[in-house]
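*Asks:* Contents of target-v1.tsv (TSV, C-alpha atoms and all ligand atoms):
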chain	number	residue	atom	x	y	z
A	1270	MET	CA	100.26	110.43	101.45
A	1271	HIS	CA	100.69	108.73	98.10
A	1272	ASP	CA	103.47	106.32	97.27
A	1273	GLY	CA	105.46	108.90	95.26
A	1274	PHE	CA	108.16	109.04	97.88
A	1275	LEU	CA	109.22	105.47	97.09
A	1276	THR	CA	110.48	106.46	93.66
A	1277	TYR	CA	111.03	110.18	94.26
A	1278	ALA	CA	113.61	111.81	91.91
A	1279	ASN	CA	114.34	108.57	90.12
A	1280	SER	CA	114.81	106.75	93.44
A	1281	ARG	CA	117.73	109.03	94.29
A	1282	TYR	CA	117.62	108.32	98.00
A	1283	LEU	CA	117.08	104.60	97.55
A	1284	LYS	CA	120.26	104.51	95.47
A	1285	LEU	CA	122.14	106.68	97.94
A	1286	ALA	CA	121.06	104.48	100.84
A	1287	ALA	CA	121.95	101.32	98.91
A	1288	ALA	CA	125.39	102.79	98.18
A	1289	VAL	CA	125.92	103.63	101.86
A	1290	CYS	CA	124.95	100.07	102.87
A	1291	LEU	CA	127.05	98.43	100.18
A	1292	THR	CA	130.13	100.51	100.95
A	1293	SER	CA	129.76	99.70	104.66
A	1294	ILE	CA	129.42	95.98	104.00
A	1295	VAL	CA	132.39	95.87	101.61
A	1296	ALA	CA	134.51	97.89	104.06
A	1297	TYR	CA	133.49	95.54	106.87
A	1298	ILE	CA	134.49	92.48	104.83
A	1299	LEU	CA	137.80	93.97	103.63
A	1300	TYR	CA	138.86	95.60	106.87
A	1301	GLU	CA	140.97	93.46	109.13
A	1302	PRO	CA	140.78	94.61	112.73
A	1303	VAL	CA	143.76	94.02	115.01
A	1304	ASP	CA	141.59	92.17	117.47
A	1305	GLU	CA	137.97	91.79	116.37
A	1306	HIS	CA	135.33	93.92	114.75
A	1307	ASN	CA	133.80	96.42	117.17
A	1308	GLY	CA	132.94	100.09	117.57
A	1309	GLY	CA	136.46	100.91	118.73
A	1310	THR	CA	138.36	100.02	115.53
A	1311	VAL	CA	139.14	102.62	112.86
A	1312	LEU	CA	136.31	101.29	110.72
A	1313	GLY	CA	134.14	101.12	113.85
A	1314	TYR	CA	134.74	104.82	114.48
A	1315	ILE	CA	134.01	105.71	110.87
A	1316	LEU	CA	130.76	103.72	110.77
A	1317	GLY	CA	129.74	105.04	114.18
A	1318	THR	CA	130.34	108.61	113.03
A	1319	VAL	CA	128.37	108.06	109.83
A	1320	GLY	CA	125.55	106.48	111.86
A	1321	ALA	CA	125.47	109.29	114.41
A	1322	LEU	CA	125.53	111.94	111.67
A	1323	LEU	CA	122.66	110.18	109.93
A	1324	ILE	CA	120.64	110.08	113.14
A	1325	PHE	CA	121.20	113.78	113.86
A	1326	TRP	CA	120.43	114.65	110.26
A	1327	LEU	CA	117.20	112.57	110.19
A	1328	THR	CA	116.05	114.30	113.36
A	1329	TRP	CA	116.86	117.69	111.88
A	1330	LEU	CA	114.93	116.77	108.72
A	1331	GLY	CA	111.97	115.83	110.90
A	1332	ILE	CA	112.01	119.18	112.66
A	1333	ARG	CA	112.54	121.12	109.43
A	1334	LYS	CA	109.70	119.28	107.70
A	1335	ARG	CA	107.27	120.69	110.25
A	1336	LYS	CA	108.07	124.19	109.04
A	1337	TYR	CA	107.54	123.29	105.41
A	1338	GLY	CA	104.15	121.70	106.01
A	1339	GLY	CA	102.29	119.25	103.78
A	1340	HIS	CA	103.93	119.48	100.39
A	1341	PHE	CA	107.48	118.84	101.48
A	1342	ARG	CA	106.33	115.82	103.41
A	1343	LEU	CA	104.96	114.11	100.33
A	1344	THR	CA	108.10	113.84	98.33
A	1345	GLY	CA	111.77	114.45	98.96
A	1346	TRP	CA	111.65	114.55	102.70
A	1347	VAL	CA	109.92	111.23	103.25
A	1348	SER	CA	112.05	109.58	100.60
A	1349	ALA	CA	115.36	110.68	102.13
A	1350	HIS	CA	114.14	110.03	105.64
A	1351	VAL	CA	112.85	106.52	104.97
A	1352	TYR	CA	115.71	105.15	102.89
A	1353	LEU	CA	118.56	106.68	104.86
A	1354	GLY	CA	116.74	105.81	108.06
A	1355	LEU	CA	116.61	102.18	106.97
A	1356	SER	CA	120.30	102.20	105.97
A	1357	LEU	CA	121.10	102.81	109.63
A	1358	ILE	CA	120.23	99.19	110.35
A	1359	VAL	CA	123.27	98.17	108.31
A	1360	VAL	CA	125.61	101.02	109.25
A	1361	ALA	CA	124.99	100.93	113.01
A	1362	THR	CA	124.99	97.13	113.21
A	1363	LEU	CA	128.33	96.88	111.41
A	1364	HIS	CA	129.64	99.63	113.68
A	1365	THR	CA	128.96	97.43	116.71
A	1366	GLY	CA	130.73	94.45	115.10
A	1367	PHE	CA	127.72	92.45	116.35
A	1368	GLN	CA	128.85	92.90	119.93
A	1369	PHE	CA	125.94	93.55	122.21
A	1370	ASP	CA	125.92	93.63	125.98
A	1371	TRP	CA	123.63	94.99	128.64
A	1372	ASN	CA	125.09	98.48	128.49
A	1373	LEU	CA	124.43	102.05	127.42
A	1374	HIS	CA	125.74	101.40	123.88
A	1375	THR	CA	123.23	98.64	123.33
A	1376	LEU	CA	120.49	100.82	124.80
A	1377	ALA	CA	121.22	103.44	122.11
A	1378	TYR	CA	121.10	100.70	119.49
A	1379	ALA	CA	117.80	99.29	120.80
A	1380	LEU	CA	116.22	102.75	120.84
A	1381	MET	CA	117.34	103.27	117.26
A	1382	ILE	CA	115.70	100.01	116.23
A	1383	ILE	CA	112.46	101.04	117.96
A	1384	VAL	CA	112.49	104.37	116.09
A	1385	ILE	CA	113.07	102.58	112.78
A	1386	VAL	CA	110.41	99.92	113.35
A	1387	SER	CA	107.86	102.56	114.38
A	1388	GLY	CA	108.80	104.51	111.23
A	1389	ILE	CA	108.13	101.43	109.10
A	1390	PHE	CA	104.75	101.11	110.76
A	1391	GLY	CA	104.17	104.82	110.00
A	1392	ILE	CA	104.73	104.27	106.29
A	1393	TYR	CA	102.39	101.29	106.42
A	1394	ALA	CA	99.80	103.35	108.32
A	1395	TYR	CA	99.94	106.24	105.86
A	1396	ALA	CA	99.59	103.86	102.93
A	1397	ARG	CA	96.79	101.78	104.38
A	1398	TYR	CA	94.58	103.70	106.77
A	1399	PRO	CA	93.39	106.72	104.74
A	1400	LYS	CA	91.71	104.32	102.29
A	1401	LEU	CA	90.10	102.38	105.13
A	1402	VAL	CA	88.94	105.65	106.72
A	1403	SER	CA	87.08	106.77	103.60
A	1404	ALA	CA	85.72	103.29	102.88
A	1405	ASN	CA	84.39	103.11	106.43
A	1406	ARG	CA	82.68	106.51	106.35
A	1407	ARG	CA	81.34	106.10	102.81
A	1408	GLY	CA	81.48	109.80	102.04
A	1409	ALA	CA	80.01	111.04	105.30
A	1410	SER	CA	82.05	113.22	107.63
A	1411	LEU	CA	82.43	112.42	111.30
A	1412	ASP	CA	80.19	115.41	112.06
A	1413	ASP	CA	77.47	114.02	109.75
A	1414	LEU	CA	77.56	110.71	111.58
A	1415	LEU	CA	77.35	112.33	115.00
A	1416	THR	CA	74.46	114.53	113.83
A	1417	GLN	CA	72.60	111.47	112.57
A	1418	ILE	CA	73.09	109.79	115.94
A	1419	GLY	CA	71.78	112.92	117.67
A	1420	ASP	CA	68.72	112.97	115.40
A	1421	ILE	CA	68.00	109.31	116.12
A	1422	ASP	CA	68.26	109.95	119.86
A	1423	ARG	CA	65.79	112.83	119.63
A	1424	GLU	CA	63.30	110.81	117.61
A	1425	SER	CA	63.69	107.80	119.90
A	1426	ARG	CA	63.01	109.85	123.02
A	1427	GLN	CA	59.78	111.15	121.47
A	1428	LEU	CA	58.66	107.66	120.46
A	1429	ALA	CA	59.47	106.28	123.90
A	1430	VAL	CA	57.06	108.65	125.66
A	1431	GLY	CA	54.07	106.63	126.89
A	1432	LEU	CA	55.71	103.26	126.27
A	1433	PRO	CA	56.17	100.78	129.14
A	1434	ASP	CA	59.04	101.53	131.51
A	1435	GLU	CA	61.03	98.51	130.41
A	1436	VAL	CA	61.17	100.01	126.89
A	1437	SER	CA	61.56	103.68	127.72
A	1438	SER	CA	64.29	103.04	130.30
A	1439	LEU	CA	66.31	101.21	127.65
A	1440	ILE	CA	65.98	104.17	125.31
A	1441	LEU	CA	66.82	106.65	128.04
A	1442	LYS	CA	69.97	104.72	128.89
A	1443	SER	CA	70.91	104.41	125.24
A	1444	CYS	CA	70.53	108.18	124.76
A	1445	GLU	CA	72.21	109.29	127.94
A	1446	GLU	CA	74.88	106.73	128.69
A	1447	THR	CA	76.29	105.70	125.32
A	1448	ALA	CA	79.96	106.71	125.24
A	1449	ILE	CA	82.25	107.12	122.27
A	1450	GLY	CA	85.98	106.96	122.89
A	1451	GLY	CA	87.44	106.42	126.34
A	1452	SER	CA	90.88	105.11	127.21
A	1453	ILE	CA	93.45	104.71	124.45
A	1454	PHE	CA	93.06	100.92	124.62
A	1455	ARG	CA	89.31	101.22	124.23
A	1456	ILE	CA	89.78	103.52	121.23
A	1457	LEU	CA	92.33	101.22	119.63
A	1458	SER	CA	90.05	98.21	120.09
A	1459	GLY	CA	87.33	100.01	118.09
A	1460	LYS	CA	84.71	98.36	120.29
A	1461	ALA	CA	82.67	99.28	123.32
A	1462	VAL	CA	82.02	97.06	126.30
A	1463	ASN	CA	78.44	96.98	127.56
A	1464	CYS	CA	77.33	99.73	125.20
A	1465	PRO	CA	73.83	100.84	126.36
A	1466	SER	CA	72.75	101.18	122.72
A	1467	ASP	CA	73.78	97.62	121.80
A	1468	ASN	CA	72.12	96.50	124.97
A	1469	ALA	CA	68.89	98.35	124.12
A	1470	PHE	CA	68.88	96.86	120.63
A	1471	ALA	CA	69.28	93.31	121.93
A	1472	LYS	CA	66.56	93.70	124.56
A	1473	LEU	CA	64.09	95.55	122.31
A	1474	ARG	CA	64.15	92.59	119.96
A	1475	GLY	CA	62.68	90.42	122.68
A	1476	LEU	CA	60.26	93.07	123.87
A	1477	VAL	CA	58.65	93.61	120.46
A	1478	SER	CA	56.79	90.34	120.83
A	1479	SER	CA	55.93	90.74	124.49
A	1480	VAL	CA	54.65	94.35	124.82
A	1481	ASP	CA	50.91	95.16	124.68
A	1482	GLN	CA	49.43	95.30	121.21
A	1483	GLU	CA	49.03	99.12	121.31
A	1484	HIS	CA	52.78	99.59	121.88
A	1485	VAL	CA	54.05	97.13	119.30
A	1486	LEU	CA	54.31	99.62	116.45
A	1487	ASN	CA	56.35	102.19	118.35
A	1488	THR	CA	58.54	99.54	119.95
A	1489	ARG	CA	59.25	98.18	116.51
A	1490	LYS	CA	60.15	101.65	115.24
A	1491	LEU	CA	62.47	102.06	118.21
A	1492	LEU	CA	64.08	98.75	117.39
A	1493	VAL	CA	64.79	99.91	113.84
A	1494	LEU	CA	66.11	103.28	115.00
A	1495	THR	CA	68.32	101.74	117.67
A	1496	GLY	CA	69.67	99.25	115.15
A	1497	LYS	CA	70.55	102.13	112.85
A	1498	LYS	CA	72.17	103.99	115.73
A	1499	CYS	CA	74.29	100.93	116.61
A	1500	GLY	CA	75.45	100.76	112.99
A	1501	LEU	CA	76.41	104.45	113.07
A	1502	LEU	CA	78.17	104.03	116.40
A	1503	GLY	CA	80.15	101.16	114.91
A	1504	THR	CA	81.24	103.41	112.03
A	1505	VAL	CA	82.22	106.23	114.38
A	1506	ARG	CA	84.19	103.92	116.66
A	1507	ARG	CA	85.98	102.42	113.69
A	1508	ASP	CA	86.76	105.91	112.40
A	1509	ILE	CA	88.30	106.96	115.68
A	1510	GLN	CA	90.15	103.65	115.90
A	1511	LEU	CA	91.68	104.08	112.44
A	1512	LYS	CA	92.75	107.64	113.17
A	1513	ALA	CA	94.33	106.51	116.42
A	1514	LEU	CA	96.20	103.74	114.58
A	1515	MET	CA	97.40	106.32	112.07
A	1516	ASP	CA	98.75	108.42	114.88
A	1517	ILE	CA	100.00	106.00	117.47
A	1518	TRP	CA	103.32	105.16	115.82
A	1519	LEU	CA	104.30	108.85	115.85
A	1520	ARG	CA	103.78	108.81	119.60
A	1521	VAL	CA	106.50	106.19	119.74
A	1522	HIS	CA	108.68	107.55	116.93
A	1523	VAL	CA	109.15	111.07	118.28
A	1524	PRO	CA	109.66	110.48	122.03
A	1525	VAL	CA	111.95	107.51	121.37
A	1526	THR	CA	113.94	109.70	118.97
A	1527	VAL	CA	114.52	112.09	121.89
A	1528	ALA	CA	115.58	109.19	124.11
A	1529	LEU	CA	117.86	107.92	121.33
A	1530	LEU	CA	119.58	111.30	121.00
A	1531	ILE	CA	120.25	111.37	124.73
A	1532	ALA	CA	121.53	107.78	124.85
A	1533	LEU	CA	123.65	108.31	121.75
A	1534	THR	CA	125.22	111.48	123.11
A	1535	ALA	CA	125.97	109.64	126.35
A	1536	HIS	CA	127.44	106.73	124.35
A	1537	ILE	CA	129.74	109.01	122.41
A	1538	ILE	CA	130.80	110.96	125.50
A	1539	SER	CA	131.40	107.75	127.45
A	1540	VAL	CA	133.64	106.15	124.81
A	1541	PHE	CA	135.78	109.28	124.65
A	1542	TYR	CA	135.83	109.50	128.43
A	1543	TYR	CA	137.13	105.94	128.79
A	1544	TRP	CA	139.56	106.31	125.90
B	1601	LIG	C1	130.26	109.35	116.65
B	1601	LIG	C2	129.65	108.21	116.71
B	1601	LIG	C3	130.07	107.01	117.49
B	1601	LIG	C4	131.25	106.70	118.11
B	1601	LIG	C5	132.49	107.56	118.21
B	1601	LIG	C6	131.12	105.40	118.69
B	1601	LIG	C7	132.10	104.73	119.39
B	1601	LIG	C8	132.04	103.45	119.84
B	1601	LIG	C9	133.11	102.72	120.43
B	1601	LIG	C10	134.50	103.26	120.69
B	1601	LIG	C11	132.65	101.50	120.73
B	1601	LIG	C12	133.43	100.35	121.38
B	1601	LIG	C13	133.15	100.37	122.83
B	1601	LIG	C14	133.72	99.21	123.57
B	1601	LIG	O1	134.26	98.30	122.95
B	1601	LIG	O2	133.58	99.22	124.80
B	1601	LIG	C15	131.28	101.42	120.33
B	1601	LIG	C16	130.48	100.33	120.47
B	1601	LIG	C17	129.12	100.32	120.21
B	1601	LIG	N1	128.40	101.36	119.67
B	1601	LIG	FE1	129.10	103.13	119.08
B	1601	LIG	N2	129.86	104.92	118.44
B	1601	LIG	C18	129.19	105.86	117.70
B	1601	LIG	C19	127.90	105.76	117.22
B	1601	LIG	C20	127.05	104.74	117.51
B	1601	LIG	C21	125.68	104.61	117.02
B	1601	LIG	C22	125.02	105.58	116.06
B	1601	LIG	C23	125.15	103.51	117.59
B	1601	LIG	C24	123.76	102.96	117.45
B	1601	LIG	C25	122.72	103.67	117.71
B	1601	LIG	C26	126.17	102.88	118.40
B	1601	LIG	C27	126.03	101.70	119.12
B	1601	LIG	C28	127.07	100.98	119.62
B	1601	LIG	C29	126.95	99.63	120.16
B	1601	LIG	C30	125.67	98.82	120.31
B	1601	LIG	C31	128.26	99.22	120.49
B	1601	LIG	C32	128.67	97.83	121.04
B	1601	LIG	C33	128.71	97.85	122.51
B	1601	LIG	C34	129.26	96.56	123.12
B	1601	LIG	O3	130.33	96.12	122.72
B	1601	LIG	O4	128.61	96.05	124.02
B	1601	LIG	N3	127.29	103.65	118.33
B	1601	LIG	N4	130.92	102.63	119.78
B	1602	LIG	C1	116.94	106.57	113.61
B	1602	LIG	C2	116.31	106.96	112.56
B	1602	LIG	C3	115.15	107.95	112.57
B	1602	LIG	C4	114.99	109.10	113.29
B	1602	LIG	C5	115.96	109.72	114.28
B	1602	LIG	C6	113.72	109.65	112.92
B	1602	LIG	C7	113.18	110.83	113.43
B	1602	LIG	C8	112.01	111.42	113.01
B	1602	LIG	C9	111.51	112.70	113.45
B	1602	LIG	C10	112.18	113.60	114.48
B	1602	LIG	C11	110.35	112.93	112.78
B	1602	LIG	C12	109.48	114.15	112.87
B	1602	LIG	C13	108.18	113.83	113.52
B	1602	LIG	C14	107.30	115.02	113.67
B	1602	LIG	O1	107.44	115.68	114.69
B	1602	LIG	O2	106.49	115.27	112.79
B	1602	LIG	C15	110.09	111.79	111.93
B	1602	LIG	C16	108.98	111.63	111.10
B	1602	LIG	C17	108.75	110.53	110.31
B	1602	LIG	N1	109.51	109.39	110.24
B	1602	LIG	FE1	111.28	109.11	111.13
B	1602	LIG	N2	113.11	108.82	112.00
B	1602	LIG	C18	113.97	107.77	111.75
B	1602	LIG	C19	113.76	106.70	110.90
B	1602	LIG	C20	112.61	106.51	110.16
B	1602	LIG	C21	112.37	105.37	109.30
B	1602	LIG	C22	113.36	104.23	109.06
B	1602	LIG	C23	111.12	105.55	108.76
B	1602	LIG	C24	110.37	104.69	107.79
B	1602	LIG	C25	110.73	103.54	107.32
B	1602	LIG	C26	110.59	106.80	109.28
B	1602	LIG	C27	109.35	107.31	108.96
B	1602	LIG	C28	108.92	108.56	109.33
B	1602	LIG	C29	107.73	109.17	108.79
B	1602	LIG	C30	106.76	108.58	107.77
B	1602	LIG	C31	107.62	110.43	109.40
B	1602	LIG	C32	106.61	111.49	109.04
B	1602	LIG	C33	105.60	111.80	110.01
B	1602	LIG	C34	104.66	112.87	109.48
B	1602	LIG	O3	104.94	113.47	108.47
B	1602	LIG	O4	103.66	113.06	110.12
B	1602	LIG	N3	111.52	107.34	110.13
B	1602	LIG	N4	111.12	110.88	112.10
Show this structure as structure tokens.

*Replies:*
Amino acid sequence: MHDGFLTYANSRYLKLAAAVCLTSIVAYILYEPVDEHNGGTVLGYILGTVGALLIFWLTWLGIRKRKYGGHFRLTGWVSAHVYLGLSLIVVATLHTGFQFDWNLHTLAYALMIIVIVSGIFGIYAYARYPKLVSANRRGASLDDLLTQIGDIDRESRQLAVGLPDEVSSLILKSCEETAIGGSIFRILSGKAVNCPSDNAFAKLRGLVSSVDQEHVLNTRKLLVLTGKKCGLLGTVRRDIQLKALMDIWLRVHVPVTVALLIALTAHIISVFYYW
């Protein structure tokens, strides 16, 4: 995603969102509630309705975008979604008249803020991570990297034949037990704990000087190969980490949107029920 959405159509949606915010703020300042500002005043109802309509509309845009695919996402849709989504911070907050309690209304508000904050992270992720992904892979595809690791493993196994157990067992472990991925936390950390390949590399370093003379050459070759493999594994783990970071916010954004819609509907029904 390029940054075109920020200034799409002469910043049409930025201006629209700014106008919505400004009008809400001016109305809030000028309006004199009988008691105090809150969601139940005339202005409160108007701002609440605008906020709810915006939320339903943003969700609908999100669903519709899926049908349009890539192109639509790059321009108008993201622009409208981002700016009007951000304007909700002003509209919904003024609707509440800054009255928050531990209740369903505040739950709806908190969910909305989570959706917005995750959306901001999404924009940041789309702007930042694709560059990091290509810089990290330096032109190679993930498949290329995995193939190279496979080739190194094959070569290492051949070299390890006939070498002392202490060397060959390290290589065997490195080939058979090295894992990529794992739990979501492991993936997000981009690192592996007790990676058999890192382990083999560290131990082979010491063994190069202690194995019998006849095995030195092959042990040294294994050290070089394992070092290369560790480098490749680092790149792969970073690649998977960056893709997970690019994705994770959406796993908050979408489910919390669903929760928000439920809480908001309940909020609206409850205020009319207690009217
Ligand atoms: C059709 C749309 C909406 C209507 C009719 C509406 C109605 C109301 C009413 C009547 C109140 C005052 C309740 C009271 O004083 O007990 C209120 C308060 C509130 N509303 Fe809304 N609202 C709407 C949309 C929204 C939206 C979009 C949000 C945010 C996601 C929201 C969050 C809140 C919060 C946080 C309060 C303050 C609760 C408190 O005083 O503790 N409302 N709303
Ligand atoms: C309460 C307000 C918001 C709601 C209800 C909402 C809802 C949604 C929904 C339903 C989607 C579709 C996700 C999918 O299935 O592909 C979406 C996507 C998205 N939202 Fe929001 N959103 C809101 C605010 C924001 C804000 C403020 C931002 C950014 C500052 C934002 C950034 C995005 C982005 C970048 C996508 C695109 C994801 C993609 O194309 O893969 N959203 N949003």

*Asks:* What's the 9 Å shell around Leu1439 (chain A), counting only C-alpha atoms, without same-chain residues fewer than 3 positions away, as a list in words?

*Replies:*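 Contacts, in chain order: Asp1434, Glu1435, Val1436, Lys1442, Ser1443, Cys1444, Pro1465, Ser1466, Asn1468, Ala1469, Phe1470, Lys1472 and Leu1473 of chain A.
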
*Asks:* Compile the contact shell of Asn1307 (chain A) as a short mmCIF file (atom, residue, chain, number, x, y, z; two decimals) with C-alpha atoms, in the frame of the given file: residues with an atom at most 8 Å away, counting only C-alpha atoms, same-chain residues fewer than 4 positions apart removed.

*Replies:*
data_model
loop_
_atom_site.label_atom_id
_atom_site.label_comp_id
_atom_site.auth_asym_id
_atom_site.auth_seq_id
_atom_site.Cartn_x
_atom_site.Cartn_y
_atom_site.Cartn_z
CA GLY A 1313 134.14 101.12 113.85
CA LEU A 1363 128.33 96.88 111.41
CA HIS A 1364 129.64 99.63 113.68
CA THR A 1365 128.96 97.43 116.71
CA GLY A 1366 130.73 94.45 115.10
CA PHE A 1367 127.72 92.45 116.35
CA GLN A 1368 128.85 92.90 119.93
#

*Asks:* Separation of CA of Ala1448 (chain A) and CA of Asn1487 (chain A), in Å?

*Replies:* 25.0 Å

*Asks:* At a cut-off of 9 Å around ligand LIG 1601 (chain B), and using all atoms listed in the file, what residues come up? Please write them as a ChimeraX atom specification.

*Replies:* /A:1307-1310,1313-1324,1357-1358,1360-1362,1364-1382,1529-1530,1532-1534,1536-1541,1543-1544

*Asks:* Emit the selected residues as a PDB file, in the coordinates of the input, including C-alpha atoms.

*Replies:*
ATOM      1  CA  ASN A1307     133.800  96.420 117.170  1.00  0.00           C
ATOM      2  CA  GLY A1308     132.940 100.090 117.570  1.00  0.00           C
ATOM      3  CA  GLY A1309     136.460 100.910 118.730  1.00  0.00           C
ATOM      4  CA  THR A1310     138.360 100.020 115.530  1.00  0.00           C
ATOM      5  CA  GLY A1313     134.140 101.120 113.850  1.00  0.00           C
ATOM      6  CA  TYR A1314     134.740 104.820 114.480  1.00  0.00           C
ATOM      7  CA  ILE A1315     134.010 105.710 110.870  1.00  0.00           C
ATOM      8  CA  LEU A1316     130.760 103.720 110.770  1.00  0.00           C
ATOM      9  CA  GLY A1317     129.740 105.040 114.180  1.00  0.00           C
ATOM     10  CA  THR A1318     130.340 108.610 113.030  1.00  0.00           C
ATOM     11  CA  VAL A1319     128.370 108.060 109.830  1.00  0.00           C
ATOM     12  CA  GLY A1320     125.550 106.480 111.860  1.00  0.00           C
ATOM     13  CA  ALA A1321     125.470 109.290 114.410  1.00  0.00           C
ATOM     14  CA  LEU A1322     125.530 111.940 111.670  1.00  0.00           C
ATOM     15  CA  LEU A1323     122.660 110.180 109.930  1.00  0.00           C
ATOM     16  CA  ILE A1324     120.640 110.080 113.140  1.00  0.00           C
ATOM     17  CA  LEU A1357     121.100 102.810 109.630  1.00  0.00           C
ATOM     18  CA  ILE A1358     120.230  99.190 110.350  1.00  0.00           C
ATOM     19  CA  VAL A1360     125.610 101.020 109.250  1.00  0.00           C
ATOM     20  CA  ALA A1361     124.990 100.930 113.010  1.00  0.00           C
ATOM     21  CA  THR A1362     124.990  97.130 113.210  1.00  0.00           C
ATOM     22  CA  HIS A1364     129.640  99.630 113.680  1.00  0.00           C
ATOM     23  CA  THR A1365     128.960  97.430 116.710  1.00  0.00           C
ATOM     24  CA  GLY A1366     130.730  94.450 115.100  1.00  0.00           C
ATOM     25  CA  PHE A1367     127.720  92.450 116.350  1.00  0.00           C
ATOM     26  CA  GLN A1368     128.850  92.900 119.930  1.00  0.00           C
ATOM     27  CA  PHE A1369     125.940  93.550 122.210  1.00  0.00           C
ATOM     28  CA  ASP A1370     125.920  93.630 125.980  1.00  0.00           C
ATOM     29  CA  TRP A1371     123.630  94.990 128.640  1.00  0.00           C
ATOM     30  CA  ASN A1372     125.090  98.480 128.490  1.00  0.00           C
ATOM     31  CA  LEU A1373     124.430 102.050 127.420  1.00  0.00           C
ATOM     32  CA  HIS A1374     125.740 101.400 123.880  1.00  0.00           C
ATOM     33  CA  THR A1375     123.230  98.640 123.330  1.00  0.00           C
ATOM     34  CA  LEU A1376     120.490 100.820 124.800  1.00  0.00           C
ATOM     35  CA  ALA A1377     121.220 103.440 122.110  1.00  0.00           C
ATOM     36  CA  TYR A1378     121.100 100.700 119.490  1.00  0.00           C
ATOM     37  CA  ALA A1379     117.800  99.290 120.800  1.00  0.00           C
ATOM     38  CA  LEU A1380     116.220 102.750 120.840  1.00  0.00           C
ATOM     39  CA  MET A1381     117.340 103.270 117.260  1.00  0.00           C
ATOM     40  CA  ILE A1382     115.700 100.010 116.230  1.00  0.00           C
ATOM     41  CA  LEU A1529     117.860 107.920 121.330  1.00  0.00           C
ATOM     42  CA  LEU A1530     119.580 111.300 121.000  1.00  0.00           C
ATOM     43  CA  ALA A1532     121.530 107.780 124.850  1.00  0.00           C
ATOM     44  CA  LEU A1533     123.650 108.310 121.750  1.00  0.00           C
ATOM     45  CA  THR A1534     125.220 111.480 123.110  1.00  0.00           C
ATOM     46  CA  HIS A1536     127.440 106.730 124.350  1.00  0.00           C
ATOM     47  CA  ILE A1537     129.740 109.010 122.410  1.00  0.00           C
ATOM     48  CA  ILE A1538     130.800 110.960 125.500  1.00  0.00           C
ATOM     49  CA  SER A1539     131.400 107.750 127.450  1.00  0.00           C
ATOM     50  CA  VAL A1540     133.640 106.150 124.810  1.00  0.00           C
ATOM     51  CA  PHE A1541     135.780 109.280 124.650  1.00  0.00           C
ATOM     52  CA  TYR A1543     137.130 105.940 128.790  1.00  0.00           C
ATOM     53  CA  TRP A1544     139.560 106.310 125.900  1.00  0.00           C
TER      54      TRP A1544
END

*Asks:* CA of Val1505 (chain A) and CA of Leu1491 (chain A) are how many Å apart?

*Replies:*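 CA of Val1505 (chain A) sits 20.5 Å away from CA of Leu1491 (chain A).
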
*Asks:* Quick check, in Å to one decimal: how far apart do CA of Val1523 (chain A) and CA of Ala1394 (chain A) lie?

*Replies:* 15.7 Å

*Asks:* Once you add 8 Å to each side, what are the centre and edge lengths of the axis-aligned box holding all listed atoms of region 1462-1469 of chain A? One decimal in Å, as lines of an AutoDock Vina configuration file, if you can.

*Replies:*
center_x = 75.5
center_y = 98.8
center_z = 124.7
size_x = 29.1
size_y = 20.7
size_z = 21.8

*Asks:* Taking only C-alpha atoms and all ligand atoms into account, report as JSON, numbers by chain which residues have an atom no farther than 6 Å from an atom of ligand LIG 1602 (chain B).

*Replies:* {"A": [1324, 1327, 1328, 1331, 1332, 1342, 1350, 1351, 1354, 1355, 1381, 1384, 1385, 1388, 1389, 1391, 1392, 1523, 1526]}

*Asks:* Mind dumping region 1403-1419 of chain A from that block, keeping C-alpha atoms, as a PDB file, in the first residue's frame?

*Replies:*
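New file selection-v6.pdb:
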ATOM      1  CA  SER A1403      11.995  -6.847   1.046  1.00  0.00           C
ATOM      2  CA  ALA A1404      15.102  -5.414   2.706  1.00  0.00           C
ATOM      3  CA  ASN A1405      15.306  -8.488   4.921  1.00  0.00           C
ATOM      4  CA  ARG A1406      14.940 -11.001   2.081  1.00  0.00           C
ATOM      5  CA  ARG A1407      17.209  -9.092  -0.315  1.00  0.00           C
ATOM      6  CA  GLY A1408      15.380 -10.261  -3.411  1.00  0.00           C
ATOM      7  CA  ALA A1409      15.047 -13.902  -2.426  1.00  0.00           C
ATOM      8  CA  SER A1410      11.625 -15.456  -1.939  1.00  0.00           C
ATOM      9  CA  LEU A1411      10.731 -17.397   1.181  1.00  0.00           C
ATOM     10  CA  ASP A1412      10.782 -20.572  -0.919  1.00  0.00           C
ATOM     11  CA  ASP A1413      14.341 -19.778  -2.111  1.00  0.00           C
ATOM     12  CA  LEU A1414      15.487 -19.394   1.474  1.00  0.00           C
ATOM     13  CA  LEU A1415      13.884 -22.648   2.578  1.00  0.00           C
ATOM     14  CA  THR A1416      15.392 -24.469  -0.413  1.00  0.00           C
ATOM     15  CA  GLN A1417      18.834 -23.130   0.476  1.00  0.00           C
ATOM     16  CA  ILE A1418      18.395 -24.371   4.040  1.00  0.00           C
ATOM     17  CA  GLY A1419      17.356 -27.786   2.702  1.00  0.00           C
TER      18      GLY A1419
END
